[in-house]
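Worksheet: one structure, shown below.
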Amino acid sequence: MTRRSTLLAILVALIIAVTIAVAVVLPRGPLPIDITEYKMPVDTDMPTAIAAAADGSIWFTIDFSDVVGRIRDGKIERLPKGSRNTEPLGLGVGPDGSAWMTDAPEASIVQMSPDGSTRRYELGTPIAR
C-alpha cells in the first residue's frame, strides 16, 4: 500500500466513524426544550445582547434605547439605564445577579443591580464594546 492510499483509507475510516457517532448522538424528533416568545412592550425595541442570571431571569440590552430589559417571572421589565444605548454588544451577569454592560457613547461600563439601581465605571478610552 502506498502512503497516499494509506492516508485515503484513514480518512475514509474517520469519516465513517464521525458519521456513525453523529447518528447515534443526535436526538430523534423535536428537541426537548421549551421556547417562549415575548412581545416587546415598545415596537421600536431591538434586543441586542442577552445573558441569563442564576435566579432564572434573563437580561438583555436594547439598541437605541435608554433602558435595559429583563424577563423575570414571565414578565418583561424595562429598567432605566441613564443614557441611550448605541450597539450595546457587551453584557454579562455576575453571581450576585447584577448585569454588567458596555455603554459605547459614554465610554463606560454600567453595573445594574437586581433592584434596578445603576453604577457607572468610566473607562477613559474612546471605545467601550
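Labeling convention for the C-alpha cells: chains A, B, ... as they appear, residues from 1 per chain, ligands from 1 in order of appearance.
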
Members of region 27-106 of chain A assigned strand (DSSP E or B) by DSSP, as an NGL selection string: :A and (46-52 or 58-63 or 67-72 or 75-80 or 91-93 or 99-103)

Exercise: region 59-75 of chain A partners within 12 Å, only C-alpha atoms, chain neighbours under 2 positions left out, as number ranges by chain: A: 36-57, 77-94, 97-105, 110-118

DSSP-assigned alpha helix (DSSP H) among chain A, expressed as a list in words: Arg3, Arg4, Ser5, Thr6, Leu7, Leu8, Ala9, Ile10, Leu11, Val12, Ala13, Leu14, Ile15, Ile16, Ala17, Val18, Thr19, Ile20, Ala21, Val22, Ala23, Val24 and Val25 of chain A

Atom pair CA of Ile35 (chain A) / CA of Ile58 (chain A): separation (Å): 13.3 Å

Near-Gly124 (chain A) list (12 Å; only C-alpha atoms; drop same-chain fewer than 6 positions) as a count of residues only: 5

Pairwise distance for CA of Val18 (chain A) and CA of Pro32 (chain A), rounded to one decimal in Å: 23.6 Å

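Computed from the coordinates, the CA of Ile33 (chain A) to CA of Asp96 (chain A) distance equals 26.6 Å.
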